[in-house]
Every structure is written in structure tokens, then in C-alpha cells.
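Undergrad: Sharing a structure, written as C-alpha cells. Questions coming.
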Amino acid sequence: MEVNDAPSLGSPNSTSQQQFAVLDMFIPGFSLLSSLVQAYLGIDLNLYIPMLMLLVGASLAWNYLSAMLYGLIESHLMSSVRIRTDDEIFNMIMAWVATQNFSRKSRRFIANTNLNSRAWSMWRFFDDEEEEEGEDEEQDWQRKQANKQKKQLRYTPSYGTHLFFFRRRPLLFERCENREQMGSLMISEKEEIIISCFGRSADLIKELLHEAREQHMAKDEHKTLIYRGGNDGQGGDLTWKRCMARSTRPFSTVILNEKVKQELVDDVADYLAPKTRKWYANRGIPYRRGYLLHGPPGTGKSSLSLALAGYFRMKIYILSLSSPTATEENVSQLFASLPMRCVVLLEDIDSAGLTHTREGDGGNKDNSTSRTASAPGDKAAPQAGKLSLSGLLNILDGVASQEGRVLIMTTNHIEKLDKALIRPGRVDMTVEFGRADPGMTASIFRAIYTPFEGEETPSTSGPNSPDTALAEKQKLRDDEARNRATERIVDLSHEFAAKIPSGEFSPAEIQGLLLRHKRSPLTAIDAVDAWITSTRKEKMEREARDAEEKEKARKKAEKEKRRKAKEKAKKKAKGENVSSSGSGSDSETEAQEKSGGKDTKDKATPDSGYGTSS
Ligand SMILES: Nc1ncnc2c1ncn2[C@@H]1O[C@H](COP(=O)(O)OP(=O)(O)OP(=O)(O)O)[C@@H](O)[C@H]1O
């Protein structure tokens with residue numbers, strides 16, 4: 001006899017089992033818990049199921065309603081700002097947040113050694129060289145050394161929403177992932193900050209943003225901010241990225257003819273004067289000014305540009321046209337995103353694609369403004385996608401080019417530049433930099449050794465007796481001693497300058513020698529003769545190497561040219577043969593080439609009809 005123990009459908013036992021099955025789905029292990037409670041405590045959890053379900057339902061409803069209510073409040077009664085990692089304001093806000101109490105006291109936080117967004121900091125290739133205000137060179141050096149071992153830790157709130165107070169009013173700081181940003185980026189690059197305040201006016205948030213910006217700017221007050229154009233190496237858009245904040249270089253430290261320097265400063269000052277903009281506008285002249293600095297490497301072109309930017313408290317945007325990323329599209333994009341008032345430094349404008357005159361060399365008129373072939377071995381050989389001269393001219397004159405900017409172009413080879421590039425309107429003033437003459441050499445010497453207040457006076461009496469060294473030490477603290485030392489440095493500077501041949505070495509080279517003996521001018525003077533000999537030797541060797549490389553490149557280019565000509569002739573011969581008899585062959589063109597390009601048909605053997613290679 002078959003006994004069916006299974007509870008029939010609809011029986012109380014089967015209903016409770018069904019309930020357990022449903023509950024197990026939501027609360028895994030509920031049936032087990034229930035039977036344990038029943039067995040040991042004698043409580044039937046079945047009786048509480050409706051109440052439990054009610055509680056779950058109420059909690060779900062509350063979640064839904066509160067989210068809806070918060071959404072409504074957020075969209076109708078709150079104001080908020082979204083800040084993404086790819087804008088500099090992200091770094092400003094993060095730096096500000098790190099100084100706030102709510103961030104310092106937060107229990108959930110992220111520890112950073114660099115507060116800049118990852119996307120941004122990857123660009124700050126000189127990040128470690130960012131100088132702290134008020135530090136002299138020595139302190140700065142020591143700090144950098146210390147930083148290398150021990151980077152300062154800063155704390156910012158972690159992902160989620162954090163309440164904080166600003167101007168005694170509550171605000172919400174939310175740090176979250178921005179899913180709209182590119183999928184390939186890392187989490188820290190996809191971040192987003194949302195700052196919200198209660199009320200329909202966003203003024204409080206704007207005040208906060210301004211305060212963060214002011215705090216950031218105050219740090220850079222006596223600095224020249226340097227931006228460089230480029231991408232993040234991951235194929236992203238090309239943008240200007242801040243790479244360094246340098247202590248402003250005093251104009252006096254750039255050694256150049258004083259009259260020329262003054263003319264340049266006056267010209268820029270006049271251009272930047274508020275009334276000048278109106279003057280230009282009234283006459284319909286584009287409000288732009290361009291300067292060309294030319295001369296051999298290491299003669300002060302970049303130094304002058306930086307000093308100029310610092311003097312007029314402008315940011316400087318540097319773009320090297322010899323960089324592989326300097327394509328027409330990229331450069332145009334960068335010019336379009338320049339701010340209104342800034343210095344743009346275009347380095348190496350004699351680089352690839354830009355050295356061919358529009359008049360054309362060798363009658364190559366048509367190609368002259370585009371990516372044309374250049375002399376073999378010429379470093380200016382244009383590459384595919386490189387910026388062309390006409391492209392650059394369009395960018396400089398185009399609508400994308402901001403008005404109010406000071407454009408400085410530098411080159412080591414003015415003779416290679418197209419007249420169109422340096423015509424008035426594009427270049428309004430040209431400044432020539434040369435190798436050091438005795439006056440410049442003496443100035444460089446004085447710039448290196450003249451003691452500043454609070455500095456150790458360089459020894460100008462040689463490593464003599466300990467008595468004099470002691471006397472020097474005492475004199476260090478004495479102003480009079482410093483004046484005497486300064487006078488002595490002036491005398492020594494003439495002695496030094498007399499030993500350096502005029503017009504042979506660049507200021508950078510001379511500075512290099514002096515920096516090797518920066519605490520001892522006498523040793524520097526003693527080292528001059530040996531230095532001249534070794535530098536000349538080095539230069540000669542370098543020149544020989546360059547000439548050799550050039551020759552190699554020339555030969556390679558010639559070979560390539562011949563190969564191409566050969567191929568062309570081969571194709572041509574093939575075509576002719578096909579059209580006449582259809583019996584063209586490779587050996588025919590070989591013969592053509594070996595016979596120096598003469599008509600090979602004369603040499604074709606009667607039996608084969610092929611060209612010979614005698
Ligand atoms: N005329 C100068 N006055 C003061 N310092 C100079 C001068 N020329 C060169 N120097 C020093 O030499 C170094 C290189 O100078 P800088 O980079 O300005 O030269 P450059 O002409 O721009 O060179 P390049 O053409 O290679 O870019 C700097 O440290 C700078 O201080």
C-alpha cells in the first residue's frame with residue numbers, strides 16, 4: 001500500500017512551506033532559522049511572517065520615496081556644480097578641500113601625495129620641481145631632496161557624500177565616479193566632484209569656487225606659470241597643461257643690450273595698455289603682436305621670453321614646433337584654447353616643413369608652403385602630418401588665434417625662415433641674440449658671483465692661510481665686506497672676460513663653466529684655458545660627427561632617389577612593352593638603369609628582345 005505523506009495543496013502545512021520558500025528567496029536560510037527557533041525557543045516565526053513582510057515592504061517604500069523626495073529636493077530646492085578631473089579647477093578644489101576641517105576629520109578618506117587629478121598630474125612632468133614660495137635656491141634644493149624621500153601626505157574625503165559648512169551654511173561634497181568619461185581611463189581619472197548647497201541660488205558655491213581659485217593663485221603670485229602643449233600620451237585631446245610654476249626671473253638677469261631690452265619692454269607695455277586694444281579695434285587692425293628672437297642655441301631666447309612673461313605677470317604657453325605632436329590640427333586646436341592675455345612661445349620655428357620659402361627654392365613654388373621634400377640630411381625634413389608653413393600662417397592669423405596675446409617665436413636659423421612668416425604683422429620686432437662678447441662675459445661672471453644679502457661671500461682670495469679664511473668668515477656678516485667682495489668680483493669679471501675669446505662661446509656655455517666653480521671665482525678664472533681647449537675639441541668632434549651623419553643621410557637619400565627612379569623606369573618600360581608587344585621584362589629596366597638611363601631599346605638583343613646589362 002502506498003502512503004502519500006505529502007501535504008495536499010491548500011493545506012496549512014503546504015501554505016507555510018510555500019511562504020518559507022518565498023521568504024528563503026529574500027532572506028536565505030529563513031526556513032532553517034525558523035525551524036531552529038521553533039525547536040529551541042518554541043516560537044513559531046510563521047506568526048510573524050506578515051509583520052516581517054510589512055516591514056520589508058515599508059522599508060522598500062521608504063527607500064523609494066526618500067530617493068524620489070531627495071531627487072525632487074535636489075532638482076528644485078538645491079544648487080550644485082559638477083567638476084571633472086580634466087579641468088584645472090578640479091586641482092584647485094581638491095587643494096582647498098584638503099585644507100578644510102571636514103576633510104581632515106573625515107573617517108572615510110583618500111590619502112594623496114599629489115592632489116592633482118591623475119590625468120593632470122601625468123602631465124606635470126616637472127611636478128617635483130614646483131618651487132615653494134619664499135624659498136631660496138638652497139632651501140628649494142634641500143626640500144626637493146627631502147621630498148624625494150618623504151612626500152607630504154594629504155587627505156581628501158573618499159567616495160560618497162560628505163556634509164560640510166562654508167560661511168556657516170551646510171553644503172554637500174560628493175565624490176563619485178563619472179561613467180560618461182572614457183572607458184579606458186582608470187578610476188582615479190574618471191572621478192567627479194559634485195558640490196551642492198541648499199537653496200535655488202548657486203552664489204554660495206560660486207563663492208567657494210572663487211575662494212579655492214584665489215587660494216591657488218596666491219601660491220603662484222610671484223611665479224611665472226608655464227604651460228606646455230601636448231597630450232597625455234594616451235591619445236587624448238591635445239591641451240595646454242601646466243608644467244611648472246617658476247620664481248619670476250628678473251629682467252636684469254637676462255644679459256642683452258640694455259637699449260634693445262628697454263625697447264622690447266616698452267613695446268610690450270604699450271601693446272598691453274588698455275587703451276591700445278581700443279586703438280587697434282578702431283582701426284580694424286587685429287590686436288596681436290609678434291616678436292622674433294633669433295640666434296645660436298643657449299644665447300638667452302627662452303630666458304628672455306620667460307622674464308618677459310614674469311615681468312608682465314602673464315602665463316606663458318610653450319609649444320615646440322619640432323615636437324612630433326605639432327601637427328596642423330593639434331597646433332590649431334591649441335591656439336583656439338589660449339586665454340585672452342598671455343605669452344605664446346613658439347620654439348624652433350625653423351623646424352620641419354616651415355623652412356621652405358614661399359618664393360620657392362629651386363623653383364619648387366607649388367610645394368613650398370606644404371610638406372615638401374627638403375635637402376637630404378636636413379633636420380628640417382618634413383614628415384607626414386607635420387605642420388606646414390601655410391598651415392602655421394593660417395593658425396597665426398586665423399579666428400582661432402586669440403587676440404591680446406604676445407607671440408614670441410624663436411629660431412636658431414633666421415636665414416631659413418620664409419619672409420611670409422616674419423613679415424610685419426606677424427613679427428613686429430626682431431631681437432638678435434649672439435654669442436658672448438667681453439661685456440656679456442663679464443656680466444655673466446658678475447651675475448654668478450656677486451653676493452646677495454644673506455649669502456655666503458665667494459672666496460676671492462684663493463685658498464690661502466687659515467687666517468684669511470677666518471677673516472673672510474667674519475666679513476661675511478658684514479655689509480662692508482660684501483661691498484668689497486662685489487668690487488673685487490667686478491675686477492675679476494674683467495680679468496675673466498679678457499681670457500674668453502669674443503663671439504666664440506654662448507652665454508649658456510660660459511654659465512656652464514662658472515657653475516662648475518660657483519663658490520670660487522678664482523678657480524673659474526684658472527680653469528678658463530683648459531676649458532677653452534676642451535670645449536673647442538668637443539665642438540670639433542661634434543661637428544665632425546654631425547658632418548658624417550649628414551653625409552650618410554645624403555648618401556642614403558641619393559640611393560633612395562635612384563631606387564625610386566629605377567622603379568619608375570621599370571614601371572614605364574613595362575607599360576610600353578605591354579602596349580607594344582606585351583613582352584616587357586625586368587631585365588630591360590635593369591639595362592636601362594645600368595646604362596645610366598639611356599634608351600635601352602638600342603641595346604636589346606634581337607633574339608630575346610630584352611635589354612642587356614653589358
Ligand atoms: N643672454 C643671457 N643672459 C642670461 N643668461 C643666459 C643668456 N643666454 C643664456 N643664458 C643662460 O643659459 C641657459 C640657456 O639659455 P636659454 O634657454 O635662454 O637659451 P636659448 O637661446 O633659448 O637656447 P635654445 O635656442 O637652445 O632654446 C639658461 O640657463 C640661461 O640662464
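Residues in the C-alpha cells are numbered from 1 in each chain, the chains being A, B, ... in the order shown, and ligands are numbered from 1 in the order shown.
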Applying 6 Å and only C-alpha atoms, which residues near segment 244-256 of chain A remain after dropping the ones on its own chain fewer than 4 positions away? List them as a list of chain:residue names.
TA: A:Glu130, A:Lys223, A:Thr224, A:Leu225, A:Ile226, A:Ala307, A:Gly310
Undergrad: So that I can check the surroundings of Ala111 of chain A, please list as a list in words every protein, DNA and RNA residue that reaches within 12 Å of it, counting only C-alpha atoms and ignoring chain neighbours fewer than 6 positions away.
TA: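 The residues that qualify are Met94, Ala98, Ser103, Arg104, Lys151, Gln152, Leu153, Arg154, Tyr155, Thr156, Pro157 and Ser158 of chain A.
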Undergrad: Write the residues of the preceding selection, restricted to C-alpha atoms, as an mmCIF file, in the first residue's frame.
TA:
```
data_model
loop_
_atom_site.group_PDB
_atom_site.id
_atom_site.type_symbol
_atom_site.label_atom_id
_atom_site.label_comp_id
_atom_site.auth_asym_id
_atom_site.auth_seq_id
_atom_site.Cartn_x
_atom_site.Cartn_y
_atom_site.Cartn_z
ATOM 1 C CA MET A 94 40.954 69.399 -4.155
ATOM 2 C CA ALA A 98 42.394 69.196 1.734
ATOM 3 C CA SER A 103 38.259 66.650 5.085
ATOM 4 C CA ARG A 104 40.919 66.376 7.773
ATOM 5 C CA LYS A 151 56.352 63.126 0.226
ATOM 6 C CA GLN A 152 53.824 65.043 2.257
ATOM 7 C CA LEU A 153 50.548 63.210 2.783
ATOM 8 C CA ARG A 154 47.263 64.999 2.291
ATOM 9 C CA TYR A 155 43.804 63.679 2.944
ATOM 10 C CA THR A 156 40.652 64.157 0.947
ATOM 11 C CA PRO A 157 37.195 62.636 1.583
ATOM 12 C CA SER A 158 36.612 59.295 -0.055
#
```
Undergrad: Would you write out, as a tab-separated table, a table of all residues in chain A that have an atom no more than 7 Å from an atom of ligand 1, listing for each the closest atom pair and the distance in Å to one decimal, considering only C-alpha atoms and all ligand atoms and ordering rows by chain and rising residue number?
TA:
```
residue	atom	partner	partner_atom_place_in_ligand_line	distance
A:Thr253	CA	ligand 1	4 (C)	5.7
A:Val254	CA	ligand 1	3 (N)	3.6
A:Ile255	CA	ligand 1	3 (N)	3.6
A:Leu256	CA	ligand 1	1 (N)	5.4
A:Gly295	CA	ligand 1	21 (O)	6.6
A:Pro296	CA	ligand 1	25 (O)	6.0
A:Pro297	CA	ligand 1	25 (O)	3.5
A:Gly298	CA	ligand 1	19 (O)	3.4
A:Thr299	CA	ligand 1	8 (N)	3.5
A:Gly300	CA	ligand 1	8 (N)	3.1
A:Lys301	CA	ligand 1	22 (O)	3.8
A:Ser302	CA	ligand 1	22 (O)	3.7
A:Ser303	CA	ligand 1	18 (O)	3.6
A:Leu304	CA	ligand 1	18 (O)	6.4
A:Thr411	CA	ligand 1	25 (O)	6.6
A:Asn412	CA	ligand 1	25 (O)	5.9
A:Ile444	CA	ligand 1	4 (C)	6.7
A:Ser506	CA	ligand 1	8 (N)	6.8
A:Pro507	CA	ligand 1	8 (N)	4.5
A:Ala508	CA	ligand 1	12 (O)	3.4
A:Gln511	CA	ligand 1	11 (C)	6.4
```
Undergrad: Keeping only C-alpha atoms, write those residues as a PDB file, in the first residue's frame.
TA:
```pdb
ATOM      1  CA  THR A 253      69.341  88.729 -15.133  1.00  0.00           C
ATOM      2  CA  VAL A 254      68.980  88.335 -18.894  1.00  0.00           C
ATOM      3  CA  ILE A 255      72.094  89.755 -20.426  1.00  0.00           C
ATOM      4  CA  LEU A 256      71.305  91.627 -23.580  1.00  0.00           C
ATOM      5  CA  GLY A 295      70.425  83.462 -32.514  1.00  0.00           C
ATOM      6  CA  PRO A 296      72.559  80.416 -31.768  1.00  0.00           C
ATOM      7  CA  PRO A 297      71.480  77.920 -29.096  1.00  0.00           C
ATOM      8  CA  GLY A 298      71.996  78.928 -25.486  1.00  0.00           C
ATOM      9  CA  THR A 299      72.075  82.667 -26.032  1.00  0.00           C
ATOM     10  CA  GLY A 300      69.064  83.609 -23.897  1.00  0.00           C
ATOM     11  CA  LYS A 301      65.978  83.484 -26.150  1.00  0.00           C
ATOM     12  CA  SER A 302      63.877  81.316 -23.844  1.00  0.00           C
ATOM     13  CA  SER A 303      65.218  83.129 -20.778  1.00  0.00           C
ATOM     14  CA  LEU A 304      64.111  86.476 -22.176  1.00  0.00           C
ATOM     15  CA  THR A 411      64.764  80.174 -34.116  1.00  0.00           C
ATOM     16  CA  ASN A 412      68.404  79.304 -34.437  1.00  0.00           C
ATOM     17  CA  ILE A 444      77.580  86.634 -16.634  1.00  0.00           C
ATOM     18  CA  SER A 506      77.388  81.122 -25.975  1.00  0.00           C
ATOM     19  CA  PRO A 507      76.336  82.576 -22.615  1.00  0.00           C
ATOM     20  CA  ALA A 508      74.976  79.120 -21.704  1.00  0.00           C
ATOM     21  CA  GLN A 511      77.492  79.874 -17.483  1.00  0.00           C
TER      22      GLN A 511
END
```
Undergrad: May I ask for the distance between atom CA of Ile193 of chain A and atom CA of Phe173 of chain A, given in Å to one decimal place?
TA: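 Value for the atom CA of Ile193 of chain A-atom CA of Phe173 of chain A distance: 7.2 Å.
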Undergrad: Could you pull out the residues in segment 184-373 of chain A that DSSP calls alpha helix (DSSP H) from the backbone, as a ChimeraX atom specification?
TA: /A:203-219,258-272,274-283,301-311,328-336
Undergrad: Might you pull out every residue within 7 Å of Ser493 of chain A, with only C-alpha atoms counted and same-chain residues fewer than 4 positions away left off, and present them as a PDB file with N, CA and C atoms, in the first residue's frame?
TA:
```pdb
ATOM      1  N   ALA A 442      81.625  89.341 -18.909  1.00  0.00           N
ATOM      2  CA  ALA A 442      81.841  89.946 -17.584  1.00  0.00           C
ATOM      3  C   ALA A 442      80.515  90.004 -16.817  1.00  0.00           C
ATOM      4  N   PHE A 445      79.659  86.658 -15.425  1.00  0.00           N
ATOM      5  CA  PHE A 445      80.535  86.392 -14.272  1.00  0.00           C
ATOM      6  C   PHE A 445      79.990  87.107 -13.026  1.00  0.00           C
ATOM      7  N   ARG A 446      79.625  88.373 -13.209  1.00  0.00           N
ATOM      8  CA  ARG A 446      79.111  89.143 -12.063  1.00  0.00           C
ATOM      9  C   ARG A 446      77.793  88.552 -11.573  1.00  0.00           C
ATOM     10  N   ILE A 489      84.719  91.309  -7.323  1.00  0.00           N
ATOM     11  CA  ILE A 489      84.098  90.486  -8.375  1.00  0.00           C
ATOM     12  C   ILE A 489      84.079  91.255  -9.701  1.00  0.00           C
ATOM     13  N   ALA A 497      86.743  87.925 -18.444  1.00  0.00           N
ATOM     14  CA  ALA A 497      86.256  88.232 -19.799  1.00  0.00           C
ATOM     15  C   ALA A 497      87.418  88.339 -20.786  1.00  0.00           C
TER      16      ALA A 497
END
```
Undergrad: Give me the residues near Lys206 of chain A as a list in words, where near means some atom within 12 Å (using only C-alpha atoms) and where sequence neighbours in that chain fewer than 4 positions away do not count.
TA: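 Using only C-alpha atoms, the neighbours found are Ser79, Ser80, Val81, Arg82, Ile93, Phe166, Ile195, Ser196, Cys197, Ser201, Ala202, His210, Glu211, Ala212 and Arg213 of chain A.
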Undergrad: Okay, now the selection with C-alpha atoms, as a PDB file, in the first residue's frame?
TA:
```pdb
ATOM      1  CA  SER A  79      22.028  74.085  -6.487  1.00  0.00           C
ATOM      2  CA  SER A  80      25.082  72.122  -7.446  1.00  0.00           C
ATOM      3  CA  VAL A  81      28.255  72.200  -9.506  1.00  0.00           C
ATOM      4  CA  ARG A  82      29.970  69.266 -11.201  1.00  0.00           C
ATOM      5  CA  ILE A  93      39.076  72.449  -5.361  1.00  0.00           C
ATOM      6  CA  PHE A 166      31.080  77.004   4.384  1.00  0.00           C
ATOM      7  CA  ILE A 195      29.267  70.321  -4.553  1.00  0.00           C
ATOM      8  CA  SER A 196      25.680  71.162  -3.630  1.00  0.00           C
ATOM      9  CA  CYS A 197      24.082  73.728  -1.387  1.00  0.00           C
ATOM     10  CA  SER A 201      20.848  80.328  -5.634  1.00  0.00           C
ATOM     11  CA  ALA A 202      24.277  78.974  -6.550  1.00  0.00           C
ATOM     12  CA  HIS A 210      36.402  81.660  -6.150  1.00  0.00           C
ATOM     13  CA  GLU A 211      37.949  81.161  -2.744  1.00  0.00           C
ATOM     14  CA  ALA A 212      39.582  77.928  -3.896  1.00  0.00           C
ATOM     15  CA  ARG A 213      40.865  79.663  -7.006  1.00  0.00           C
TER      16      ARG A 213
END
```
Undergrad: When you count only C-alpha atoms, which of these residues is closest to Glu258 of chain A: A:Leu32, A:Met440, A:Tyr40, A:Ala485?
TA: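 Of A:Leu32, A:Met440, A:Tyr40, A:Ala485, the one nearest Glu258 of chain A, counting only C-alpha atoms, is A:Met440.
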Undergrad: Just to confirm, what's the straight-line distance from atom CA of Tyr311 of chain A to atom CA of Glu221 of chain A in Å (one decimal)?
TA: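 Straight-line distance from atom CA of Tyr311 of chain A to atom CA of Glu221 of chain A works out to 12.0 Å.
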Undergrad: Report as a list in words all protein, DNA and RNA residues lying within 10 Å of segment 22-30 of chain A, evaluated on only C-alpha atoms, omitting residues in the same chain fewer than 6 positions from it.
TA: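 In the requested form, the answer reads Ser16, Leu36, Leu45, Ile49, Leu52, Met53 and Val56 of chain A.
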